[in-house]
>>> print(open('upload.cif').read())   # mmCIF, C-alpha atoms
data_coords
loop_
_atom_site.label_atom_id
_atom_site.label_comp_id
_atom_site.auth_asym_id
_atom_site.auth_seq_id
_atom_site.Cartn_x
_atom_site.Cartn_y
_atom_site.Cartn_z
CA MET T 13 22.85 -17.18 -26.61
CA ALA T 14 26.06 -19.17 -26.15
CA PHE T 15 25.94 -22.87 -26.98
CA ASN T 16 27.31 -25.43 -24.54
CA ILE T 17 28.38 -28.35 -26.71
CA LEU T 18 29.48 -31.89 -25.98
CA VAL T 19 31.84 -33.43 -28.56
CA VAL T 20 31.97 -37.23 -28.50
CA ASP T 21 34.61 -39.15 -30.49
CA ASP T 22 37.15 -41.82 -29.56
CA SER T 23 39.76 -39.97 -31.64
CA LYS T 24 41.31 -37.06 -29.77
CA VAL T 25 42.50 -35.49 -33.00
CA MET T 26 38.98 -35.63 -34.42
CA ARG T 27 37.57 -34.02 -31.27
CA GLU T 28 40.12 -31.24 -31.64
CA MET T 29 39.17 -30.83 -35.30
CA VAL T 30 35.49 -30.59 -34.45
CA ILE T 31 36.18 -28.04 -31.73
CA ARG T 32 38.39 -26.02 -34.05
CA THR T 33 35.67 -26.07 -36.69
CA LEU T 34 33.08 -24.99 -34.12
CA ARG T 35 35.27 -22.00 -33.26
CA LEU T 36 35.48 -21.11 -36.95
CA THR T 37 31.69 -21.08 -37.35
CA GLY T 38 31.38 -17.74 -35.61
CA LEU T 39 28.63 -19.12 -33.40
CA PRO T 40 28.63 -17.96 -29.79
CA LEU T 41 30.16 -20.82 -27.83
CA GLY T 42 29.96 -21.42 -24.11
CA GLU T 43 31.48 -24.49 -22.54
CA ILE T 44 32.78 -27.22 -24.85
CA LEU T 45 32.99 -30.62 -23.22
CA GLU T 46 34.64 -33.75 -24.59
CA ALA T 47 33.99 -37.46 -24.23
CA SER T 48 35.73 -40.42 -25.87
CA ASN T 49 32.72 -42.73 -25.99
CA GLY T 50 28.99 -42.84 -25.43
CA GLN T 51 29.26 -43.93 -21.83
CA GLU T 52 31.48 -40.99 -20.88
CA ALA T 53 29.15 -38.71 -22.79
CA LEU T 54 26.12 -39.85 -20.79
CA GLN T 55 28.04 -39.19 -17.58
CA HIS T 56 28.85 -35.65 -18.73
CA LEU T 57 25.21 -35.06 -19.71
CA ARG T 58 24.06 -36.00 -16.22
CA GLU T 59 26.49 -33.55 -14.65
CA HIS T 60 26.50 -30.57 -17.04
CA TRP T 61 23.99 -28.50 -18.95
CA VAL T 62 24.54 -28.98 -22.69
CA ASP T 63 22.63 -27.49 -25.61
CA LEU T 64 23.85 -29.87 -28.30
CA VAL T 65 25.79 -33.10 -28.76
CA LEU T 66 28.09 -33.77 -31.73
CA ALA T 67 28.86 -37.48 -31.76
CA ASP T 68 30.79 -39.98 -33.80
CA VAL T 69 29.00 -43.23 -34.57
CA ASN T 70 31.62 -45.97 -34.30
CA MET T 71 33.23 -45.83 -30.86
CA PRO T 72 34.41 -48.48 -28.40
CA VAL T 73 32.73 -49.06 -25.01
CA MET T 74 29.45 -47.47 -26.20
CA ASP T 75 28.84 -46.34 -29.77
CA GLY T 76 26.91 -43.28 -30.86
CA GLU T 77 23.72 -45.11 -31.72
CA VAL T 78 23.42 -46.80 -28.34
CA MET T 79 24.23 -43.49 -26.65
CA VAL T 80 21.35 -41.76 -28.45
CA GLU T 81 18.99 -44.63 -27.63
CA ARG T 82 19.86 -44.24 -23.95
CA MET T 83 19.32 -40.48 -24.20
CA ARG T 84 15.90 -40.92 -25.81
CA ALA T 85 14.93 -43.29 -23.00
CA ASP T 86 15.86 -40.68 -20.36
CA PRO T 87 13.18 -37.98 -19.84
CA ALA T 88 15.87 -35.45 -18.92
CA LEU T 89 17.84 -36.03 -22.13
CA ARG T 90 15.15 -37.12 -24.55
CA SER T 91 14.78 -33.88 -26.49
CA MET T 92 18.45 -32.88 -26.58
CA PRO T 93 19.64 -32.34 -30.17
CA VAL T 94 22.28 -34.83 -31.31
CA LEU T 95 24.21 -34.47 -34.56
CA PHE T 96 26.07 -37.50 -35.82
CA VAL T 97 29.49 -36.74 -37.30
CA SER T 98 30.71 -39.74 -39.26
CA THR T 99 32.56 -41.13 -42.25
CA GLU T 100 29.41 -43.04 -43.15
CA SER T 101 28.57 -42.61 -46.85
CA SER T 102 25.85 -45.19 -47.41
CA SER T 103 22.59 -43.32 -47.90
CA LYS T 104 20.72 -46.28 -46.42
CA ARG T 105 22.76 -46.11 -43.23
CA ILE T 106 22.59 -42.31 -43.08
CA LYS T 107 18.79 -42.54 -43.31
CA LEU T 108 18.78 -44.92 -40.35
CA LEU T 109 21.04 -42.61 -38.37
CA LEU T 110 18.85 -39.61 -39.16
CA GLU T 111 15.86 -41.43 -37.70
CA LYS T 112 17.62 -41.51 -34.36
CA SER T 113 19.27 -38.10 -34.39
CA SER T 114 18.66 -34.47 -35.23
CA GLY T 115 21.07 -34.41 -38.13
CA PHE T 116 24.12 -35.90 -39.79
CA VAL T 117 27.40 -34.40 -40.93
CA HIS T 118 29.83 -36.29 -43.10
CA LYS T 119 33.52 -36.27 -42.12
CA PRO T 120 35.31 -34.12 -42.98
CA PHE T 121 33.11 -31.05 -42.93
CA ASN T 122 33.43 -27.31 -43.20
CA PRO T 123 32.43 -24.62 -40.70
CA GLU T 124 29.50 -23.46 -42.82
CA GLU T 125 27.89 -26.90 -42.85
CA ILE T 126 28.21 -27.28 -39.12
CA ARG T 127 26.97 -23.78 -38.42
CA ASP T 128 23.91 -24.09 -40.62
CA LEU T 129 23.01 -27.47 -39.16
CA ILE T 130 23.44 -26.28 -35.57
CA LEU T 131 21.23 -23.29 -36.20
CA SER T 132 18.67 -25.48 -37.89
CA VAL T 133 18.41 -28.08 -35.13
CA THR T 134 18.57 -25.65 -32.21
CA GLY T 135 16.19 -23.15 -33.74
CA ALA T 136 18.56 -20.32 -32.88
CA ALA T 137 18.77 -17.19 -34.99
CA ASP T 138 21.89 -16.68 -37.09
CA GLU T 139 23.67 -13.74 -35.50
CA THR T 140 26.80 -14.30 -37.58
CA ARG T 141 25.33 -13.04 -40.83
CA PRO T 142 23.73 -9.69 -41.74
CA GLU T 143 20.55 -11.51 -42.88
CA SER T 144 19.16 -14.38 -40.88
CA GLY T 145 17.15 -17.17 -42.41
CA ALA T 146 16.21 -20.77 -41.78
CA VAL T 147 18.53 -23.22 -43.45
CA GLN T 148 17.66 -26.81 -44.16
CA GLY T 149 20.06 -29.15 -42.41
CA GLY T 150 20.95 -32.66 -43.48
CA ALA T 151 23.77 -34.90 -44.62
CA GLY T 152 26.78 -32.94 -45.70
CA ASP T 153 29.74 -33.86 -47.85
CA PHE T 154 33.16 -32.50 -48.42
CA MET H 4 28.54 -50.31 -64.73
CA LYS H 5 30.67 -51.66 -61.87
CA PRO H 6 32.87 -49.08 -60.21
CA ASP H 7 36.60 -49.35 -60.77
CA PRO H 8 37.94 -50.22 -57.29
CA LYS H 9 41.37 -48.73 -57.92
CA ALA H 10 39.85 -45.45 -59.09
CA GLU H 11 37.41 -45.33 -56.16
CA LEU H 12 40.18 -45.98 -53.65
CA PHE H 13 42.33 -43.29 -55.22
CA LYS H 14 39.44 -40.81 -55.12
CA ALA H 15 38.71 -41.65 -51.48
CA ALA H 16 42.36 -41.16 -50.50
CA LEU H 17 42.71 -37.93 -52.45
CA ALA H 18 39.55 -36.42 -51.03
CA THR H 19 40.46 -37.46 -47.49
CA PHE H 20 43.86 -35.80 -47.54
CA GLU H 21 42.43 -32.67 -49.11
CA GLY H 22 39.42 -32.44 -46.86
CA LEU H 23 40.95 -33.42 -43.53
CA SER H 24 44.34 -31.82 -43.56
CA PHE H 25 44.16 -29.20 -46.29
CA THR H 26 47.16 -30.78 -47.99
CA SER H 27 47.53 -31.03 -51.73
CA PRO H 28 47.93 -34.70 -52.63
CA THR H 29 49.00 -35.54 -56.16
CA GLU H 30 48.58 -38.38 -58.57
CA GLU H 31 52.16 -38.02 -59.74
CA ILE H 32 54.87 -39.44 -57.53
CA GLY H 33 58.47 -38.37 -57.99
CA PRO H 34 61.69 -40.33 -57.35
CA GLN H 35 62.33 -38.57 -54.04
CA GLN H 36 58.89 -39.50 -52.82
CA GLU H 37 59.43 -43.10 -53.96
CA ALA H 38 62.66 -43.23 -51.99
CA ALA H 39 61.17 -41.74 -48.82
CA PRO H 40 61.66 -43.91 -45.74
CA ALA H 41 58.94 -46.20 -44.45
CA ARG H 42 57.10 -44.66 -41.56
CA GLU H 43 53.58 -45.26 -40.19
CA ALA H 44 51.04 -47.92 -41.14
CA VAL H 45 47.45 -48.30 -40.06
CA ARG H 46 44.95 -51.11 -40.44
CA VAL H 47 41.15 -50.71 -40.40
CA ASN H 48 39.06 -53.88 -40.29
CA PHE H 49 35.57 -53.74 -41.75
CA HIS H 50 32.57 -56.04 -41.61
CA GLY H 51 29.46 -56.16 -43.71
CA PRO H 52 28.41 -57.52 -47.10
CA MET H 53 32.11 -58.21 -47.50
CA SER H 54 34.64 -58.29 -44.69
CA GLY H 55 38.28 -57.39 -44.82
CA CYS H 56 40.70 -54.62 -44.05
CA LEU H 57 42.27 -51.47 -45.38
CA LEU H 58 46.02 -51.01 -44.97
CA LEU H 59 47.38 -47.50 -45.29
CA ARG H 60 51.10 -46.77 -45.19
CA LEU H 61 52.99 -43.51 -45.16
CA ARG H 62 56.45 -43.00 -46.56
CA GLY H 63 58.39 -39.89 -45.60
CA ASP H 64 57.92 -37.56 -42.69
CA VAL H 65 54.37 -36.63 -43.64
CA ALA H 66 52.43 -37.66 -40.54
CA ALA H 67 53.36 -34.67 -38.40
CA ARG H 68 52.50 -32.28 -41.23
CA LEU H 69 49.23 -34.12 -41.73
CA ALA H 70 48.33 -33.80 -38.05
CA ALA H 71 49.28 -30.14 -37.99
CA GLY H 72 47.05 -29.54 -41.01
CA MET H 73 44.15 -31.31 -39.34
CA LEU H 74 44.54 -29.30 -36.17
CA GLY H 75 45.45 -25.98 -37.73
CA ALA H 76 48.65 -26.03 -35.70
CA ASP H 77 51.76 -24.03 -36.54
CA SER H 78 54.13 -26.54 -35.03
CA PRO H 79 54.17 -30.37 -35.09
CA PRO H 80 51.68 -31.78 -32.58
CA GLU H 81 52.71 -34.27 -29.91
CA ARG H 82 53.36 -37.83 -31.05
CA GLY H 83 50.10 -39.18 -29.62
CA LEU H 84 48.06 -36.77 -31.72
CA VAL H 85 50.16 -37.53 -34.81
CA GLU H 86 49.47 -41.24 -34.47
CA ASP H 87 45.81 -40.49 -33.85
CA ALA H 88 45.73 -38.42 -37.03
CA VAL H 89 47.19 -41.26 -39.10
CA LYS H 90 44.58 -43.65 -37.70
CA GLU H 91 41.81 -41.21 -38.47
CA VAL H 92 42.99 -40.83 -42.07
CA GLY H 93 42.79 -44.60 -42.46
CA ASN H 94 39.33 -44.56 -40.91
CA VAL H 95 38.01 -41.86 -43.24
CA VAL H 96 39.51 -43.38 -46.40
CA CYS H 97 37.98 -46.74 -45.52
CA GLY H 98 34.61 -45.26 -44.63
CA ASN H 99 34.43 -43.42 -47.92
CA PHE H 100 35.79 -46.15 -50.17
CA LEU H 101 33.49 -48.97 -49.11
CA PRO H 102 30.10 -47.50 -50.13
CA ALA H 103 31.64 -46.07 -53.31
CA TYR H 104 32.81 -49.55 -54.26
CA ALA H 105 30.12 -51.82 -52.80
CA GLY H 106 27.12 -49.64 -53.53
CA ASP H 107 25.10 -47.06 -51.69
CA GLY H 108 22.87 -49.61 -50.01
CA ALA H 109 25.75 -51.57 -48.49
CA ILE H 110 26.15 -51.06 -44.76
CA PHE H 111 29.52 -51.69 -43.18
CA ARG H 112 30.83 -51.55 -39.63
CA LEU H 113 34.40 -50.41 -39.15
CA ASP H 114 36.55 -51.47 -36.24
CA ALA H 115 38.68 -48.84 -34.54
CA PRO H 116 41.79 -48.21 -36.64
CA ARG H 117 45.09 -49.44 -35.21
CA LEU H 118 48.71 -48.78 -35.99
CA VAL H 119 50.63 -51.79 -37.31
CA ASP H 120 54.18 -52.52 -38.43
CA PHE H 121 54.98 -51.03 -41.80
CA ASP H 122 55.50 -54.52 -43.29
CA HIS H 123 52.25 -55.84 -41.86
CA GLU H 124 50.23 -58.02 -44.18
CA PRO H 125 46.85 -59.57 -43.38
CA SER H 126 47.23 -63.20 -42.33
CA GLU H 127 43.68 -63.93 -43.41
CA PRO H 128 43.21 -65.61 -46.83
CA TRP H 129 41.84 -62.45 -48.42
CA TRP H 130 42.25 -61.15 -51.92
CA GLN H 131 43.40 -57.66 -52.77
CA VAL H 132 40.42 -55.63 -53.91
CA ALA H 133 42.26 -52.44 -54.78
CA ASP H 134 45.42 -50.46 -54.32
CA ALA H 135 46.22 -46.79 -54.78
CA ARG H 136 49.08 -44.38 -54.18
CA VAL H 137 48.95 -40.68 -53.54
CA GLY H 138 51.89 -38.28 -53.54
CA LEU H 139 52.24 -36.05 -50.49
CA ASP H 140 54.63 -33.25 -49.65
CA GLY H 141 57.77 -35.07 -48.53
CA GLY H 142 56.53 -38.58 -49.21
CA LEU H 143 53.59 -40.66 -50.29
CA CYS H 144 50.68 -42.73 -49.10
CA GLU H 145 49.99 -46.31 -50.20
CA VAL H 146 46.56 -47.80 -49.61
CA ARG H 147 45.41 -51.35 -50.17
CA VAL H 148 42.08 -53.01 -49.47
CA PHE H 149 41.73 -56.74 -48.86
CA ALA H 150 38.49 -58.68 -48.55
CA ALA H 151 36.93 -62.11 -48.48
CA GLY H 152 34.28 -63.12 -50.94
CA ALA H 153 32.86 -61.35 -53.94
CA VAL H 154 31.58 -57.79 -54.20
CA PRO H 155 28.00 -57.68 -52.85
#
>>> encode(input="upload.cif", output="structure tokens")
Amino acid sequence: MAFNILVVDDSKVMREMVIRTLRLTGLPLGEILEASNGQEALQHLREHWVDLVLADVNMPVMDGEVMVERMRADPALRSMPVLFVSTESSSKRIKLLLEKSSGFVHKPFNPEEIRDLILSVTGAADETRPESGAVQGGAGDF
Amino acid sequence: MKPDPKAELFKAALATFEGLSFTSPTEEIGPQQEAAPAREAVRVNFHGPMSGCLLLRLRGDVAARLAAGMLGADSPPERGLVEDAVKEVGNVVCGNFLPAYAGDGAIFRLDAPRLVDFDHEPSEPWWQVADARVGLDGGLCEVRVFAAGAVP
């Protein structure tokens, strides 16, 4: 199963980093879409099928939190997994973000963290390793 | 025990350069690095229990190498991506320093980072919370944090 993924970040270099890291995970990837803010992301989600969203939190125009709130209010997007990718280090804030999303990854991150979290939130089997197993996702750190 | 702001800022800068761009920053700074020409500067404003800004400056031609490291590129990326990379470094250093200094329960909001003149200084009546310098291949990075009020 190939994952179609939407990467949302106002920094083009960070979007490229995320995409590069996704390619290093070994996960089967389909289409990778990009958006520079939450509003653009919602537009993409209405026009394309996506399996997972990786989103920054602090963005102009529409931030990641508002984007997820709009998704949860839309029956068509409500159950789509969203992983926040952020510099946020406050455990209090991370807890609040986890209440709205499917998971959180701390910037910067490594391919293993992203892979394990994607498999965890999508429920997909790990076809990249000889032995598959469920892995607990959650806040990561470099 | 209160965290040492200078040490926390240094740790945040070191970890950011290592983690984002796979470079090897150093604590030691040599005379050639000291003499490296002034290049890019970025400012990140933050708001929360204390408000202020982080100023990060690069000396030497390190930005292109930094961006290439972040992107896994063999050749220097285009200028737009290089500037974006410098802004993102400022963003990540700031985002990691603030909770380390102000406490895990402190919640901050960061404005989008912006490039500023190398000699830029905050015009607000803020005090300098911390400063740190990190040696980089071909230059160095100087980081300073300014804020209003006391530590929360």
>>> closest_atom_pairs(input="upload.cif", of="chain H", to="chain T", cutoff="8 Å", atoms="all atoms listed in the file", output="Markdown table")
| residue | atom | partner | partner_atom | distance |
| --- | --- | --- | --- | --- |
| H:Ala18 | CA | T:Phe154 | CA | 7.9 |
| H:Thr19 | CA | T:Pro120 | CA | 7.6 |
| H:Gly22 | CA | T:Pro120 | CA | 5.9 |
| H:Leu23 | CA | T:Pro120 | CA | 5.7 |
| H:Ala70 | CA | T:Val25 | CA | 7.9 |
| H:Met73 | CA | T:Met29 | CA | 6.4 |
| H:Leu74 | CA | T:Met29 | CA | 5.7 |
| H:Gly75 | CA | T:Arg32 | CA | 8.0 |
| H:Leu84 | CA | T:Val25 | CA | 5.8 |
| H:Asp87 | CA | T:Val25 | CA | 6.1 |
| H:Ala88 | CA | T:Val25 | CA | 5.9 |
| H:Glu91 | CA | T:Ser23 | CA | 7.2 |
| H:Asn94 | CA | T:Thr99 | CA | 7.7 |
| H:Val95 | CA | T:Thr99 | CA | 5.6 |
| H:Gly98 | CA | T:Thr99 | CA | 5.2 |
| H:Asn99 | CA | T:Ser101 | CA | 6.0 |
| H:Pro102 | CA | T:Ser102 | CA | 5.5 |
| H:Ala103 | CA | T:Ser101 | CA | 7.9 |
| H:Gly106 | CA | T:Ser102 | CA | 7.7 |
| H:Asp107 | CA | T:Ser102 | CA | 4.7 |
| H:Gly108 | CA | T:Lys104 | CA | 5.3 |
| H:Ala109 | CA | T:Ser102 | CA | 6.5 |
| H:Ile110 | CA | T:Arg105 | CA | 6.2 |
| H:Arg112 | CA | T:Asn70 | CA | 7.8 |
| H:Leu113 | CA | T:Asn70 | CA | 7.1 |
| H:Asp114 | CA | T:Asn70 | CA | 7.6 |
| H:Ala115 | CA | T:Met71 | CA | 7.2 |
>>> atom_distance(input="upload.cif", atom1="atom CA of H:Pro40", atom2="atom CA of H:Leu12")
23.0 Å
>>> residues_around(input="upload.cif", residues="T:Leu45", least_positions_apart="2", cutoff="12 Å", atoms="all atoms listed in the file", output="PyMOL selection string")
chain T and resi 15-21+27-28+30-31+41-43+47-48+52-57+59-67
>>> write_last_selection(input="upload.cif", atoms="C-alpha atoms", output="short mmCIF file (atom, residue, chain, number, x, y, z; two decimals), keeping the file's coordinate frame")
data_model
loop_
_atom_site.label_atom_id
_atom_site.label_comp_id
_atom_site.auth_asym_id
_atom_site.auth_seq_id
_atom_site.Cartn_x
_atom_site.Cartn_y
_atom_site.Cartn_z
CA PHE T 15 25.94 -22.87 -26.98
CA ASN T 16 27.31 -25.43 -24.54
CA ILE T 17 28.38 -28.35 -26.71
CA LEU T 18 29.48 -31.89 -25.98
CA VAL T 19 31.84 -33.43 -28.56
CA VAL T 20 31.97 -37.23 -28.50
CA ASP T 21 34.61 -39.15 -30.49
CA ARG T 27 37.57 -34.02 -31.27
CA GLU T 28 40.12 -31.24 -31.64
CA VAL T 30 35.49 -30.59 -34.45
CA ILE T 31 36.18 -28.04 -31.73
CA LEU T 41 30.16 -20.82 -27.83
CA GLY T 42 29.96 -21.42 -24.11
CA GLU T 43 31.48 -24.49 -22.54
CA ALA T 47 33.99 -37.46 -24.23
CA SER T 48 35.73 -40.42 -25.87
CA GLU T 52 31.48 -40.99 -20.88
CA ALA T 53 29.15 -38.71 -22.79
CA LEU T 54 26.12 -39.85 -20.79
CA GLN T 55 28.04 -39.19 -17.58
CA HIS T 56 28.85 -35.65 -18.73
CA LEU T 57 25.21 -35.06 -19.71
CA GLU T 59 26.49 -33.55 -14.65
CA HIS T 60 26.50 -30.57 -17.04
CA TRP T 61 23.99 -28.50 -18.95
CA VAL T 62 24.54 -28.98 -22.69
CA ASP T 63 22.63 -27.49 -25.61
CA LEU T 64 23.85 -29.87 -28.30
CA VAL T 65 25.79 -33.10 -28.76
CA LEU T 66 28.09 -33.77 -31.73
CA ALA T 67 28.86 -37.48 -31.76
#
>>> resolve_selection(input="upload.cif", expression="the PyMOL selection byres ((chain H and resi 51) around 7)", output="PyMOL selection string")
chain H and resi 49-50+52-54+110-112
>>> axis_aligned_box(input="upload.cif", around="stretch 47-58 of chain T", padding_each_side="4 Å", output="lines of an AutoDock Vina configuration file")
center_x = 29.9
center_y = -39.5
center_z = -21.1
size_x = 19.7
size_y = 16.9
size_z = 17.8
>>> atom_distance(input="upload.cif", atom1="atom CA of H:Val119", atom2="atom CA of H:Val47")
10.0 Å
>>> atom_distance(input="upload.cif", atom1="atom CA of H:Val132", atom2="atom CA of H:Gly152")
10.1 Å
>>> resolve_selection(input="upload.cif", expression="the PyMOL selection byres ((chain H and resi 56) around 6)", output="PDB file with C-alpha atoms, keeping the file's coordinate frame")
ATOM      1  CA  VAL H  47      41.150 -50.710 -40.400  1.00  0.00           C
ATOM      2  CA  ASN H  48      39.060 -53.880 -40.290  1.00  0.00           C
ATOM      3  CA  PHE H  49      35.570 -53.740 -41.750  1.00  0.00           C
ATOM      4  CA  GLY H  55      38.280 -57.390 -44.820  1.00  0.00           C
ATOM      5  CA  LEU H  57      42.270 -51.470 -45.380  1.00  0.00           C
ATOM      6  CA  VAL H 148      42.080 -53.010 -49.470  1.00  0.00           C
ATOM      7  CA  PHE H 149      41.730 -56.740 -48.860  1.00  0.00           C
TER       8      PHE H 149
END
>>> residues_around(input="upload.cif", residues="T:Glu124", least_positions_apart="2", cutoff="10 Å", atoms="only C-alpha atoms", output="list in words")
Thr33, Leu34, Leu36, Thr37, Gly38, Phe121, Asn122, Ile126, Arg127, Asp128, Leu129 and Ile130 of chain T
>>> residues_around(input="upload.cif", residues="H:Asp77", least_positions_apart="6", cutoff="12 Å", atoms="all atoms listed in the file", output="ChimeraX atom specification")
/H:67-71
>>> closest_residue(input="upload.cif", among="H:Gln35, H:Ala151, H:Val137, H:Ala105", to="H:Asp7", atoms="all atoms listed in the file")
H:Ala105
>>> closest_residue(input="upload.cif", among="H:Pro128, H:Gly93, H:Pro8, H:Pro116", to="H:Leu59", atoms="all atoms listed in the file")
H:Gly93
>>> resolve_selection(input="upload.cif", expression="the PyMOL selection byres ((chain H and resi 140-145) around 7)", output="PyMOL selection string")
chain H and resi 36+39+59-65+135-139+146-147
>>> decode(input="upload.cif", residues="stretch 85-98 of chain T", atoms="N, CA, C and O atoms", output="short mmCIF file (atom, residue, chain, number, x, y, z; two decimals), in the first residue's frame")
data_model
loop_
_atom_site.label_atom_id
_atom_site.label_comp_id
_atom_site.auth_asym_id
_atom_site.auth_seq_id
_atom_site.Cartn_x
_atom_site.Cartn_y
_atom_site.Cartn_z
N ALA T 85 -14.02 19.10 11.88
CA ALA T 85 -15.40 19.56 11.73
C ALA T 85 -15.99 19.13 10.38
O ALA T 85 -17.18 19.30 10.14
N ASP T 86 -15.14 18.59 9.51
CA ASP T 86 -15.58 18.19 8.16
C ASP T 86 -15.72 16.66 8.13
O ASP T 86 -14.74 15.95 8.32
N PRO T 87 -16.93 16.15 7.91
CA PRO T 87 -17.13 14.69 7.93
C PRO T 87 -16.20 13.94 6.98
O PRO T 87 -15.79 12.82 7.27
N ALA T 88 -15.84 14.57 5.87
CA ALA T 88 -14.98 13.90 4.89
C ALA T 88 -13.53 13.82 5.36
O ALA T 88 -12.78 12.96 4.91
N LEU T 89 -13.14 14.71 6.26
CA LEU T 89 -11.73 14.78 6.67
C LEU T 89 -11.51 14.41 8.14
O LEU T 89 -10.37 14.33 8.59
N ARG T 90 -12.62 14.19 8.83
CA ARG T 90 -12.57 14.05 10.29
C ARG T 90 -11.58 12.99 10.76
O ARG T 90 -10.89 13.17 11.74
N SER T 91 -11.57 11.84 10.10
CA SER T 91 -10.76 10.74 10.63
C SER T 91 -9.39 10.62 9.97
O SER T 91 -8.68 9.64 10.16
N MET T 92 -9.00 11.64 9.20
CA MET T 92 -7.69 11.57 8.54
C MET T 92 -6.58 11.76 9.57
O MET T 92 -6.61 12.71 10.36
N PRO T 93 -5.58 10.88 9.57
CA PRO T 93 -4.48 11.03 10.53
C PRO T 93 -3.66 12.30 10.23
O PRO T 93 -3.33 12.58 9.08
N VAL T 94 -3.36 13.04 11.31
CA VAL T 94 -2.52 14.23 11.19
C VAL T 94 -1.39 14.11 12.20
O VAL T 94 -1.64 13.90 13.40
N LEU T 95 -0.17 14.23 11.74
CA LEU T 95 0.98 14.26 12.64
C LEU T 95 1.53 15.69 12.65
O LEU T 95 1.81 16.25 11.60
N PHE T 96 1.66 16.23 13.85
CA PHE T 96 2.29 17.54 13.97
C PHE T 96 3.80 17.37 13.97
O PHE T 96 4.33 16.49 14.66
N VAL T 97 4.48 18.22 13.22
CA VAL T 97 5.94 18.23 13.17
C VAL T 97 6.36 19.63 13.62
O VAL T 97 6.07 20.61 12.94
N SER T 98 7.01 19.72 14.77
CA SER T 98 7.19 21.06 15.35
C SER T 98 8.45 21.14 16.19
O SER T 98 8.99 20.14 16.63
#
